[in-house]
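Novice: Okay, so here is protein26.txt, and as you'll see once you scroll down, it has compact mmCIF, C-alpha atoms.
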# COMPACT_ATOMS: atom_id res chain seq x y z
CA MET A 1 -1.58 48.78 140.48
CA ALA A 2 2.02 49.38 139.39
CA THR A 3 4.16 51.46 141.72
CA GLY A 4 7.74 52.61 141.62
CA ARG A 5 9.94 55.63 141.39
CA ILE A 6 8.71 57.83 138.51
CA THR A 7 11.73 58.57 136.34
CA LYS A 8 12.10 59.20 132.64
CA ARG A 9 13.24 55.62 132.08
CA ALA A 10 10.34 54.26 134.10
CA VAL A 11 7.81 56.43 132.27
CA ASP A 12 9.16 55.44 128.84
CA ALA A 13 9.06 51.79 129.89
CA ILE A 14 5.33 51.72 130.75
CA ALA A 15 3.77 49.21 128.36
CA LEU A 16 0.87 50.28 126.17
CA PRO A 17 -2.49 49.03 127.50
CA PRO A 18 -5.05 47.17 125.36
CA ALA A 19 -7.32 49.23 123.10
CA GLY A 20 -9.65 51.44 125.08
CA LYS A 21 -7.71 50.91 128.30
CA ARG A 22 -5.20 52.98 130.29
CA ALA A 23 -2.11 51.99 132.25
CA TYR A 24 -0.77 53.72 135.36
CA LEU A 25 2.48 53.99 137.29
CA TRP A 26 2.16 55.47 140.79
CA ASP A 27 5.15 57.00 142.48
CA ASP A 28 6.26 55.12 145.58
CA THR A 29 7.68 58.17 147.34
CA LEU A 30 5.06 60.88 146.68
CA LYS A 31 1.66 59.35 147.33
CA GLY A 32 -0.94 60.37 144.77
CA PHE A 33 1.59 61.32 142.05
CA GLY A 34 1.35 59.14 138.96
CA CYS A 35 1.77 58.75 135.21
CA MET A 36 -1.01 57.59 132.90
CA VAL A 37 -0.48 55.98 129.47
CA THR A 38 -3.25 55.62 126.86
CA ASP A 39 -3.51 52.91 124.22
CA THR A 40 -2.15 55.42 121.65
CA GLY A 41 1.04 55.96 123.67
CA THR A 42 0.23 59.37 125.17
CA ARG A 43 1.88 59.71 128.58
CA SER A 44 0.55 62.26 131.07
CA TYR A 45 1.36 63.15 134.67
CA LEU A 46 -1.44 63.48 137.22
CA VAL A 47 -2.32 63.53 140.89
CA GLN A 48 -5.02 61.47 142.59
CA TYR A 49 -6.50 62.43 145.96
CA ARG A 50 -9.47 62.48 148.29
CA ILE A 51 -10.81 65.37 150.35
CA GLY A 52 -12.94 64.30 153.31
CA GLY A 53 -11.60 60.86 154.15
CA ARG A 54 -12.07 57.39 152.72
CA ASP A 55 -15.78 57.86 152.20
CA SER A 56 -15.24 60.79 149.81
CA ALA A 57 -14.87 60.37 146.05
CA THR A 58 -11.48 60.06 144.42
CA ARG A 59 -10.52 62.88 142.11
CA ARG A 60 -7.76 63.30 139.59
CA VAL A 61 -6.12 66.39 138.13
CA THR A 62 -3.95 66.15 135.03
CA ILE A 63 -0.68 68.03 135.30
CA GLY A 64 0.41 67.74 131.67
CA LYS A 65 1.84 65.53 128.97
CA HIS A 66 5.22 63.90 129.34
CA GLY A 67 7.86 65.98 127.57
CA SER A 68 8.75 69.65 127.63
CA PRO A 69 7.96 71.34 129.98
CA TRP A 70 6.70 68.38 132.03
CA THR A 71 9.53 66.06 132.96
CA PRO A 72 9.37 63.66 135.93
CA ASP A 73 11.08 66.27 138.12
CA THR A 74 8.93 69.29 137.10
CA ALA A 75 5.76 67.19 137.28
CA ARG A 76 6.76 65.91 140.74
CA ASP A 77 7.18 69.50 141.97
CA ARG A 78 3.77 70.46 140.61
CA ALA A 79 2.19 67.36 142.13
CA ALA A 80 3.66 68.28 145.52
CA GLU A 81 2.06 71.75 145.23
CA LEU A 82 -1.35 70.26 144.40
CA LEU A 83 -1.17 67.69 147.19
CA GLU A 84 -0.28 70.48 149.62
CA GLN A 85 -3.55 72.18 148.58
CA VAL A 86 -5.35 68.93 149.39
CA ARG A 87 -3.74 68.89 152.82
CA ARG A 88 -5.11 72.41 153.38
CA LYS A 89 -8.59 71.23 152.29
CA VAL A 90 -8.40 73.13 148.97
CA ASP A 91 -9.66 70.97 146.11
CA PRO A 92 -7.17 71.21 143.18
CA PHE A 93 -9.88 70.00 140.79
CA ASP A 94 -12.12 72.96 141.56
CA ALA A 95 -9.16 75.32 141.54
CA GLU A 96 -8.04 74.00 138.15
CA ARG A 97 -11.55 74.25 136.75
CA GLU A 98 -11.75 77.86 137.93
CA ARG A 99 -8.32 78.56 136.47
CA LEU A 100 -9.36 77.10 133.13
CA ALA A 101 -12.58 79.13 133.17
CA VAL A 102 -10.63 82.33 133.83
CA SER A 103 -8.09 81.43 131.12
CA ARG A 104 -10.89 80.69 128.66
CA ALA A 105 -12.59 83.98 129.46
CA GLU A 106 -9.32 85.84 129.02
CA LYS A 107 -8.71 84.18 125.66
CA GLU A 108 -12.24 85.02 124.48
CA ALA A 109 -11.82 88.63 125.61
CA LYS A 110 -8.46 88.82 123.82
CA THR A 111 -10.01 87.37 120.66
CA ARG A 112 -12.81 89.94 120.77
CA GLU A 113 -10.26 92.71 121.28
CA GLU A 114 -8.12 91.48 118.37
CA GLN A 115 -11.21 91.30 116.14
CA ALA A 116 -12.17 94.83 117.13
CA LEU A 117 -8.66 96.12 116.51
CA ALA A 118 -8.57 94.35 113.13
CA LYS A 119 -11.62 96.39 112.11
CA LEU A 120 -9.73 99.54 113.14
CA ALA A 121 -6.52 98.76 111.24
CA PHE A 122 -5.48 101.93 109.43
CA ASN A 123 -5.46 100.38 105.95
CA VAL A 124 -8.90 98.81 106.57
CA VAL A 125 -10.49 102.06 107.77
CA ALA A 126 -8.76 104.09 105.06
CA THR A 127 -10.13 101.78 102.36
CA GLU A 128 -13.62 102.01 103.88
CA TYR A 129 -13.32 105.78 103.96
CA ILE A 130 -12.41 106.01 100.29
CA GLU A 131 -15.11 103.56 99.17
CA GLN A 132 -17.96 104.68 101.42
CA ASP A 133 -17.30 108.38 101.87
CA ALA A 134 -14.70 109.99 99.62
CA LYS A 135 -15.99 108.51 96.36
CA LYS A 136 -19.45 109.85 97.16
CA ASN A 137 -18.53 113.27 98.48
CA LEU A 138 -15.21 114.29 96.94
CA ARG A 139 -14.99 115.09 93.25
CA ARG A 140 -11.24 114.45 93.24
CA TRP A 141 -11.26 111.56 95.65
CA GLY A 142 -8.53 109.83 93.64
CA GLU A 143 -6.00 112.45 94.72
CA GLN A 144 -6.78 111.84 98.39
CA GLU A 145 -6.55 108.09 97.85
CA ALA A 146 -3.11 108.58 96.26
CA ILE A 147 -1.98 110.73 99.20
CA ILE A 148 -3.06 108.02 101.65
CA GLU A 149 -1.33 105.28 99.66
CA ARG A 150 1.89 107.28 99.26
CA ASP A 151 2.33 109.10 102.57
CA LEU A 152 0.20 107.36 105.21
CA ALA A 153 -0.39 103.68 104.45
CA PRO A 154 3.33 102.73 104.26
CA ALA A 155 3.85 104.14 107.77
CA PHE A 156 0.70 102.91 109.51
CA GLY A 157 -0.42 99.92 107.41
CA GLY A 158 -2.21 97.35 109.58
CA THR A 159 -1.68 99.25 112.85
CA PRO A 160 -5.02 99.83 114.62
CA LEU A 161 -5.95 103.49 114.97
CA PRO A 162 -5.97 103.33 118.81
CA SER A 163 -2.39 102.05 118.69
CA ILE A 164 -1.09 104.95 116.57
CA SER A 165 0.38 107.60 118.85
CA ALA A 166 0.60 111.33 118.26
CA ASP A 167 4.39 110.94 118.08
CA ASP A 168 3.97 108.34 115.31
CA ILE A 169 1.86 110.77 113.29
CA ASN A 170 4.08 113.78 113.93
CA ASP A 171 7.15 111.79 112.90
CA GLN A 172 5.52 110.67 109.65
CA LEU A 173 4.27 114.15 108.78
CA ALA A 174 7.75 115.52 109.45
CA LYS A 175 9.17 112.90 107.11
CA VAL A 176 6.72 113.90 104.37
CA ALA A 177 7.47 117.58 104.99
CA ARG A 178 11.12 116.98 104.14
CA ARG A 179 9.91 116.23 100.64
CA SER A 180 7.27 118.94 100.49
CA SER A 181 5.52 121.08 103.09
CA SER A 182 2.35 121.11 101.00
CA ALA A 183 2.45 117.31 100.77
CA ALA A 184 2.64 117.12 104.57
CA LEU A 185 -0.40 119.38 104.88
CA LYS A 186 -2.33 117.26 102.39
CA ALA A 187 -1.38 114.11 104.30
CA TYR A 188 -2.61 115.71 107.52
CA VAL A 189 -5.93 116.65 105.91
CA ALA A 190 -6.36 113.11 104.55
CA LEU A 191 -5.53 111.61 107.95
CA ARG A 192 -8.11 113.79 109.68
CA ALA A 193 -10.70 112.63 107.16
CA VAL A 194 -9.90 108.97 107.88
CA TYR A 195 -10.13 109.54 111.64
CA ALA A 196 -13.40 111.48 111.31
CA PHE A 197 -14.86 108.60 109.31
CA ALA A 198 -13.72 106.10 111.97
CA HIS A 199 -15.29 108.14 114.76
CA VAL A 200 -18.65 107.96 112.97
CA GLU A 201 -18.62 104.44 111.52
CA HIS A 202 -16.84 102.76 114.43
CA ARG A 203 -17.84 105.08 117.29
CA LYS A 204 -18.40 102.22 119.76
CA LEU A 205 -14.92 100.85 119.13
CA PHE A 206 -13.18 104.16 118.49
CA PRO A 207 -14.97 107.15 120.04
CA LYS A 208 -13.75 110.63 119.29
CA SER A 209 -12.44 110.87 122.86
CA ALA A 210 -9.87 108.20 121.97
CA SER A 211 -8.35 110.28 119.18
CA VAL A 212 -4.80 111.63 119.47
CA LEU A 213 -5.15 114.13 116.63
CA GLY A 214 -5.47 116.94 119.15
CA GLN A 215 -1.82 116.33 120.01
CA VAL A 216 -0.70 116.35 116.36
CA VAL A 217 1.00 119.46 115.01
CA ARG A 218 -0.76 120.70 111.89
CA PRO A 219 1.85 121.19 109.12
CA GLU A 220 2.25 124.72 107.81
CA ALA A 221 1.52 125.37 104.17
CA GLY A 222 4.65 126.01 102.20
CA GLY A 223 3.34 129.02 100.37
CA GLN A 224 3.37 129.50 96.61
CA ARG A 225 6.10 127.58 94.82
CA ASP A 226 8.19 129.26 92.17
CA ARG A 227 10.33 126.27 91.20
CA HIS A 228 10.73 125.69 87.48
CA LEU A 229 13.13 123.54 85.51
CA THR A 230 16.13 125.13 83.87
CA SER A 231 17.02 124.33 80.28
CA ALA A 232 19.66 121.86 81.49
CA GLU A 233 17.14 120.18 83.79
CA MET A 234 14.56 119.92 81.01
CA LYS A 235 17.12 118.24 78.79
CA LEU A 236 18.05 115.84 81.59
CA MET A 237 14.40 115.02 82.30
CA TRP A 238 13.66 114.43 78.62
CA GLU A 239 16.61 112.07 78.23
CA ALA A 240 15.86 110.32 81.54
CA SER A 241 12.25 109.75 80.47
CA LYS A 242 13.58 107.62 77.61
CA VAL A 243 15.46 105.53 80.17
CA VAL A 244 12.37 105.21 82.37
CA GLY A 245 10.41 104.01 79.36
CA TRP A 246 6.80 102.86 79.22
CA PRO A 247 4.46 103.93 80.75
CA PHE A 248 5.89 106.90 82.67
CA GLY A 249 8.47 107.98 80.10
CA PRO A 250 5.93 109.30 77.57
CA ILE A 251 3.86 110.74 80.42
CA TYR A 252 6.80 112.88 81.52
CA GLN A 253 7.46 114.07 77.97
CA LEU A 254 3.79 115.00 77.48
CA LEU A 255 3.83 116.94 80.75
CA LEU A 256 6.74 119.03 79.52
CA LEU A 257 5.09 119.59 76.15
CA THR A 258 1.55 120.42 77.30
CA GLY A 259 1.72 121.82 80.84
CA MET A 260 -1.03 119.43 81.89
CA ARG A 261 -1.40 118.03 85.41
CA LEU A 262 0.07 114.61 86.15
CA ARG A 263 -3.24 112.85 86.67
CA GLU A 264 -4.81 114.59 83.68
CA VAL A 265 -2.25 112.79 81.53
CA ALA A 266 -1.82 109.55 83.49
CA GLU A 267 -5.59 108.93 83.69
CA GLY A 268 -6.26 110.03 80.11
CA ARG A 269 -8.67 108.15 77.85
CA TRP A 270 -8.47 107.53 74.14
CA SER A 271 -11.97 108.99 73.69
CA GLU A 272 -10.59 112.35 74.83
CA ILE A 273 -8.08 112.54 72.00
CA ASP A 274 -9.13 114.21 68.77
CA LEU A 275 -6.34 113.48 66.29
CA THR A 276 -8.03 115.44 63.51
CA GLU A 277 -8.29 118.66 65.53
CA ALA A 278 -5.08 117.90 67.48
CA ARG A 279 -6.85 118.35 70.80
CA TRP A 280 -6.99 116.64 74.16
CA ASN A 281 -10.51 117.27 75.50
CA ILE A 282 -10.53 116.92 79.29
CA PRO A 283 -14.07 116.49 80.70
CA GLY A 284 -15.18 118.43 83.76
CA GLU A 285 -15.13 115.37 86.01
CA ARG A 286 -11.39 115.04 85.39
CA SER A 287 -10.39 118.70 85.64
CA LYS A 288 -9.42 120.36 88.89
CA ASN A 289 -11.96 123.18 88.58
CA GLY A 290 -14.76 120.91 87.41
CA LYS A 291 -15.03 122.56 84.00
CA PRO A 292 -14.27 121.00 80.61
CA HIS A 293 -10.90 122.04 79.23
CA TRP A 294 -9.10 121.38 75.98
CA VAL A 295 -5.39 121.26 75.32
CA HIS A 296 -3.86 121.75 71.89
CA LEU A 297 -1.56 118.89 70.95
CA SER A 298 1.56 120.12 69.22
CA SER A 299 3.14 118.03 66.51
CA PRO A 300 5.65 116.39 68.92
CA ALA A 301 2.86 115.63 71.42
CA LEU A 302 0.74 114.07 68.68
CA SER A 303 3.66 111.91 67.60
CA ILE A 304 4.11 110.60 71.14
CA ILE A 305 0.39 109.83 71.50
CA LYS A 306 0.20 108.07 68.14
CA ASP A 307 3.08 105.82 69.17
CA LEU A 308 1.49 104.78 72.47
CA PRO A 309 0.55 101.08 72.70
CA ARG A 310 -3.13 100.28 73.19
CA LEU A 311 -4.34 97.25 75.14
CA GLY A 312 -7.24 95.84 73.16
CA GLU A 313 -10.36 97.95 73.49
CA CYS A 314 -9.25 99.48 76.80
CA GLU A 315 -10.09 103.19 76.98
CA LEU A 316 -7.19 104.04 79.27
CA MET A 317 -4.16 105.50 77.51
CA PHE A 318 -1.69 104.59 80.24
CA THR A 319 -2.41 101.21 81.78
CA THR A 320 -0.40 98.06 82.36
CA ASN A 321 -3.32 95.73 83.14
CA GLY A 322 -6.08 97.02 80.88
CA GLU A 323 -8.30 97.74 83.89
CA THR A 324 -6.88 100.66 85.86
CA ALA A 325 -4.74 103.67 85.07
CA VAL A 326 -1.10 103.57 86.08
CA SER A 327 -0.18 104.24 89.70
CA GLY A 328 3.04 104.17 91.71
CA PHE A 329 3.90 107.80 90.93
CA SER A 330 6.42 108.10 93.76
CA ARG A 331 8.36 105.03 92.64
CA ALA A 332 8.34 106.28 89.06
CA LYS A 333 9.61 109.71 90.17
CA SER A 334 12.44 108.00 92.07
CA ARG A 335 13.40 106.13 88.91
CA LEU A 336 13.33 109.39 86.96
CA ASP A 337 15.53 111.12 89.55
CA LYS A 338 18.03 108.26 89.43
CA ALA A 339 18.12 108.25 85.63
CA MET A 340 18.69 112.02 85.56
CA LEU A 341 21.54 111.73 88.06
CA ASP A 342 23.12 108.84 86.16
CA ILE A 343 23.04 110.81 82.90
CA LEU A 344 24.52 113.87 84.60
CA ARG A 345 27.31 111.80 86.16
CA ASN A 346 28.16 110.27 82.80
CA GLU A 347 28.32 113.74 81.27
CA THR A 348 30.59 115.06 84.01
CA THR A 349 32.85 112.01 83.63
CA ASP A 350 33.11 112.62 79.90
CA ALA A 351 33.96 116.24 80.65
CA GLY A 352 36.78 115.15 82.94
CA THR A 353 35.20 116.37 86.19
CA ASP A 354 34.38 114.45 89.37
CA PRO A 355 31.03 112.60 88.91
CA ALA A 356 30.61 112.43 92.70
CA LYS A 357 29.97 116.16 92.67
CA ALA A 358 27.12 115.86 90.16
CA LYS A 359 23.79 116.91 91.66
CA VAL A 360 20.22 117.24 90.44
CA ASN A 361 18.30 119.79 92.47
CA PRO A 362 15.06 118.37 93.93
CA PHE A 363 11.83 119.09 92.10
CA VAL A 364 8.29 117.75 91.96
CA ILE A 365 6.45 116.72 88.81
CA HIS A 366 4.04 119.64 89.15
CA ASP A 367 7.01 121.93 88.51
CA THR A 368 6.79 120.92 84.83
CA ARG A 369 3.50 122.80 84.68
CA ARG A 370 5.16 125.96 85.99
CA THR A 371 8.04 125.39 83.57
CA PHE A 372 5.58 125.21 80.67
CA ALA A 373 3.83 128.43 81.76
CA ARG A 374 7.11 130.30 82.22
CA GLY A 375 8.38 129.06 78.88
CA CYS A 376 5.27 130.34 77.09
CA GLN A 377 5.59 133.71 78.83
CA ARG A 378 9.23 133.98 77.76
CA LEU A 379 8.10 133.36 74.18
CA GLY A 380 5.86 136.43 74.43
CA GLN A 381 2.49 134.92 75.29
CA PRO A 382 0.22 137.25 77.31
CA PRO A 383 -1.13 136.18 80.73
CA GLU A 384 -4.71 135.61 79.51
CA VAL A 385 -3.45 133.09 76.95
CA VAL A 386 -1.20 131.29 79.44
CA GLU A 387 -4.04 131.09 81.97
CA ARG A 388 -6.27 129.38 79.42
CA LEU A 389 -3.46 127.07 78.38
CA LEU A 390 -3.32 125.93 82.01
CA GLY A 391 -7.09 125.61 82.33
CA HIS A 392 -7.30 128.21 85.11
CA ILE A 393 -10.49 130.09 85.90
CA THR A 394 -9.57 133.75 85.59
CA ASP A 395 -11.30 136.96 86.64
CA ILE A 396 -12.38 137.39 83.04
CA GLU A 397 -14.42 134.20 83.25
CA SER A 398 -16.23 135.19 86.45
CA GLY A 399 -19.06 137.62 87.12
CA LEU A 400 -20.36 139.90 84.37
CA LYS A 401 -17.08 139.68 82.48
CA GLY A 402 -17.67 135.97 82.02
CA VAL A 403 -21.01 136.71 80.40
CA TYR A 404 -19.74 139.13 77.79
CA GLN A 405 -16.06 138.35 77.33
CA THR A 406 -16.22 134.81 75.97
CA TYR A 407 -13.29 134.75 73.58
CA GLN A 408 -11.17 131.65 74.29
CA PHE A 409 -7.99 132.62 72.39
CA GLU A 410 -8.03 129.37 70.42
CA PRO A 411 -5.60 130.43 67.65
CA GLU A 412 -3.28 132.01 70.22
CA ARG A 413 -3.32 128.87 72.41
CA MET A 414 -2.52 126.65 69.44
CA ASP A 415 0.28 128.94 68.32
CA ALA A 416 1.72 129.17 71.85
CA THR A 417 1.74 125.40 72.30
CA GLU A 418 3.49 124.81 68.96
CA LYS A 419 6.09 127.50 69.68
CA TRP A 420 6.78 126.04 73.11
CA ALA A 421 7.14 122.53 71.66
CA ASN A 422 9.68 123.83 69.15
CA GLU A 423 11.57 125.65 71.90
CA LEU A 424 11.54 122.60 74.18
CA LEU A 425 12.84 120.27 71.50
CA ARG A 426 15.45 122.83 70.50
CA ILE A 427 16.64 122.72 74.11
CA VAL A 428 16.62 118.94 74.50
CA ASN A 429 18.00 118.13 71.05
CA GLY A 430 20.31 121.06 70.54
CA GLY A 431 19.25 121.34 66.91
CA LYS A 432 16.29 120.70 64.66
CA PRO A 433 13.28 119.64 66.72
CA LYS A 434 12.40 115.96 66.53
CA VAL A 435 10.70 113.37 68.69
CA ILE A 436 12.99 110.56 69.79
CA GLN A 437 11.31 107.17 70.22
CA LEU A 438 11.27 105.80 73.75
CA ARG A 439 13.11 102.59 74.37
CA GLY A 440 11.83 99.95 76.78
CA ALA A 441 11.90 100.37 80.52
CA ALA A 442 15.31 99.87 82.06
Just give me the structure as structure tokens.
Specialist:
Amino acid sequence: MATGRITKRAVDAIALPPAGKRAYLWDDTLKGFGCMVTDTGTRSYLVQYRIGGRDSATRRVTIGKHGSPWTPDTARDRAAELLEQVRRKVDPFDAERERLAVSRAEKEAKTREEQALAKLAFNVVATEYIEQDAKKNLRRWGEQEAIIERDLAPAFGGTPLPSISADDINDQLAKVARRSSSAALKAYVALRAVYAFAHVEHRKLFPKSASVLGQVVRPEAGGQRDRHLTSAEMKLMWEASKVVGWPFGPIYQLLLLTGMRLREVAEGRWSEIDLTEARWNIPGERSKNGKPHWVHLSSPALSIIKDLPRLGECELMFTTNGETAVSGFSRAKSRLDKAMLDILRNETTDAGTDPAKAKVNPFVIHDTRRTFARGCQRLGQPPEVVERLLGHITDIESGLKGVYQTYQFEPERMDATEKWANELLRIVNGGKPKVIQLRGAA
């Protein structure tokens, strides 16, 4: 049995034993402290001891492999601690086995907790909610999905619901409210729906008592908006849409021309377009009020639609992959805002004024719908015509009036849409109306 002072040099110098064998070096100053070497070259520190005298069995406890953190000095200190336990009749082997059992149990408990939390990650639960609940129970589930993707998922992502604090939620809703108070309220409503779903589907992991929503401040509705685009803003938006290019550029131009809702256009299908009658027929499942609605397509709108690319036999009018309608509305709006500001700065530079002072007042895409309605009213269209242009359900269409007063103002709606298109293109072109082809995305 080799003995000697255990040092790094001595440990490194221990010769490899034959295959299947082990070699040892026992320290000559601390009895029971040693280093073992396997036939593969692995070097480990250990202690060897007896409890109960010479007649008791010899036991060994491995301290650790040679290297960081176990050097001869650190291993010697640990060996001294273990041998002190032996002196006090405490078996290090049993203590180590108990320690390992506790460590193993702790690791297993941590693994189970991590697996449970992974099931409660916000993006996981939100996806389950949309697929298992919203799609079955909400007619316009796509809008709520978009709200979650835009205003909630970027903030909470893979964070487990129990780890999201009330302050986290309040901060995010406040951030959304800076853009729009109504958007903050919609985000709050969507978040409550996700939490309610989690409390039902994952009640053992996330009971309602664990929710922090009671500490969240419900955003106030912003009231009725009256924002509309000025003539200068319409011209800027039209020009900027050409910079934005496919697919959102023509979407923005069609919104200005028709007064349709963003998703009505962006999720449009070729089967809804009647080129002969110049109509866009929106089915009830795609309209906000659940009723079919048609929109007259003015000559400029028809020109834009006819020039749209079509991906094979795909039914979607605006798609980049041939499978789903376009998304990323917030990013596209940011690109539009930037393009509008760039155009305005160039114009102010040409005019000899400071481009740094150029400013585009904030607006949301839905304001184009209000701009369309106001424009038609300014051209002399009566309220009942404008309401039908927008696809609103009016008092005339409800109750007994809806039974007897069924005139849909078709000629008036067609005339109003054409007159507005002419007025819009007069504004954006400053002369004879014409449709300018969109160039590729910048």
Novice: Hey, could you make a per-residue contact list for stretch 250-322 of chain A against stretch 329-335 of chain A with 10 Å as the cut-off, showing the nearest pair of atoms and its distance in Å to one decimal, counting only C-alpha atoms, sorted by chain and number, as a tab-separated table?
Specialist:
residue	atom	partner	partner_atom	distance
A:Tyr252	CA	A:Lys333	CA	9.6
A:Leu262	CA	A:Phe329	CA	9.2
A:Arg263	CA	A:Phe329	CA	9.7
A:Ala266	CA	A:Phe329	CA	9.5
Novice: Would you work out the distance separating atom CA of A:Ala416 from atom CA of A:Gly391, expressed in Å to one decimal?
Specialist: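 It comes out at 14.1 Å.
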Novice: Near A:Gly290, counting only C-alpha atoms, which residues have an atom at most 12 Å away, once you skip same-chain residues fewer than 6 positions from it, shown as a list in words?
Specialist: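 Counting only the stated atoms, we get Leu138, Arg139, Arg140, Ile282, Pro283, Gly284, Gly391, His392 and Ile393 of chain A.
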Novice: So, with all atoms listed in the file as the atoms that count, which of A:Leu16, A:Cys35, A:Leu341, A:Ala356 lies closest to A:Trp70?
Specialist: A:Cys35
Novice: Which one is closest to A:Thr29: A:Glu96, A:Leu254, A:Gly4, A:Phe409? Count only C-alpha atoms.
Specialist: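 The answer is A:Gly4, which sits nearest to A:Thr29.
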Novice: What does the distance between atom CA of A:Val243 and atom CA of A:Asp342 come to in Å, to one decimal place?
Specialist: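 So the two atoms, atom CA of A:Val243 and atom CA of A:Asp342, lie 10.3 Å apart.
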Novice: Pick out the closest residue to A:Pro309 from this set: A:Gly322, A:Lys338, A:Met234, A:Asp415. Count all atoms listed in the file.
Specialist: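 Looking at the shortest contact to A:Pro309, the residue is A:Gly322.
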Novice: Interatomic distance between atom CA of A:Glu98 and atom CA of A:Arg60?
Specialist: 15.2 Å
Novice: Centre and edge lengths, as lines of an AutoDock Vina configuration file, for the axis-aligned box enclosing every listed atom of stretch 12-26 of chain A with 5 Å of padding on each of the six sides, in Å to one decimal?
Specialist:
center_x = -0.2
center_y = 51.3
center_z = 131.9
size_x = 28.8
size_y = 18.3
size_z = 27.7
Novice: Taking (4.3, 119.0, 69.7) in the file's coordinates as the center, which residues reach within 7 Å of it, counting all atoms listed in the file, put as a ChimeraX atom specification?
Specialist: /A:257,297-302,418,421
Novice: Kindly save the residues from that selection, with C-alpha atoms included, as a PDB file, in the coordinates of the input.
Specialist:
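Below you can see part.pdb, which holds the result:
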ATOM      1  CA  LEU A 257       5.090 119.590  76.150  1.00  0.00           C
ATOM      2  CA  LEU A 297      -1.560 118.890  70.950  1.00  0.00           C
ATOM      3  CA  SER A 298       1.560 120.120  69.220  1.00  0.00           C
ATOM      4  CA  SER A 299       3.140 118.030  66.510  1.00  0.00           C
ATOM      5  CA  PRO A 300       5.650 116.390  68.920  1.00  0.00           C
ATOM      6  CA  ALA A 301       2.860 115.630  71.420  1.00  0.00           C
ATOM      7  CA  LEU A 302       0.740 114.070  68.680  1.00  0.00           C
ATOM      8  CA  GLU A 418       3.490 124.810  68.960  1.00  0.00           C
ATOM      9  CA  ALA A 421       7.140 122.530  71.660  1.00  0.00           C
TER      10      ALA A 421
END
Novice: With a distance cut-off of 7 Å and all atoms listed in the file, select the neighbouring residues of A:Thr371, excluding the residue or stretch itself and same-chain residues fewer than 3 positions from it, and output the selection as a PyMOL selection string.
Specialist: chain A and resi 228-229+367-368+374-375
Novice: Which residue, A:Cys376, A:Ile14, A:Met260, A:Leu25, has the smallest gap to A:Met1 when you use only C-alpha atoms?
Specialist: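 Ranking A:Cys376, A:Ile14, A:Met260, A:Leu25 by distance to A:Met1, first place goes to A:Leu25.
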Novice: A:Ile148: which residues within 8 Å, counting only C-alpha atoms, same-chain residues fewer than 6 positions away excluded, as a list in words?
Specialist: Ala126, Ala187, Ala190 and Leu191 of chain A
Novice: Name the closest residue to A:Leu316 among the candidates A:Asp350, A:Asp337, A:Glu264, A:Glu384; distances are taken between atoms, counting all atoms listed in the file.
Specialist: A:Glu264
Novice: Hey, which of A:Pro17, A:Gly352, A:Pro292, A:Gly328 ends up closest to A:Met36? Count only C-alpha atoms.
Specialist: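 Closest to A:Met36, using only C-alpha atoms: A:Pro17.
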Novice: At a cut-off of 9 Å, using all atoms listed in the file, what residues contact stretch 165-182 of chain A? Leave out same-chain residues fewer than 2 positions from it and give the result as a list of chain:residue names.
Specialist: A:Asp151, A:Leu152, A:Ala155, A:Phe156, A:Leu161, A:Pro162, A:Ser163, A:Ala184, A:Leu185, A:Lys186, A:Ala187, A:Tyr188, A:Val212, A:Leu213, A:Gly214, A:Gln215, A:Val216, A:Val217, A:Arg218, A:Pro219, A:Glu220, A:Ala221, A:Gly222, A:Gly223, A:Pro362, A:Val364
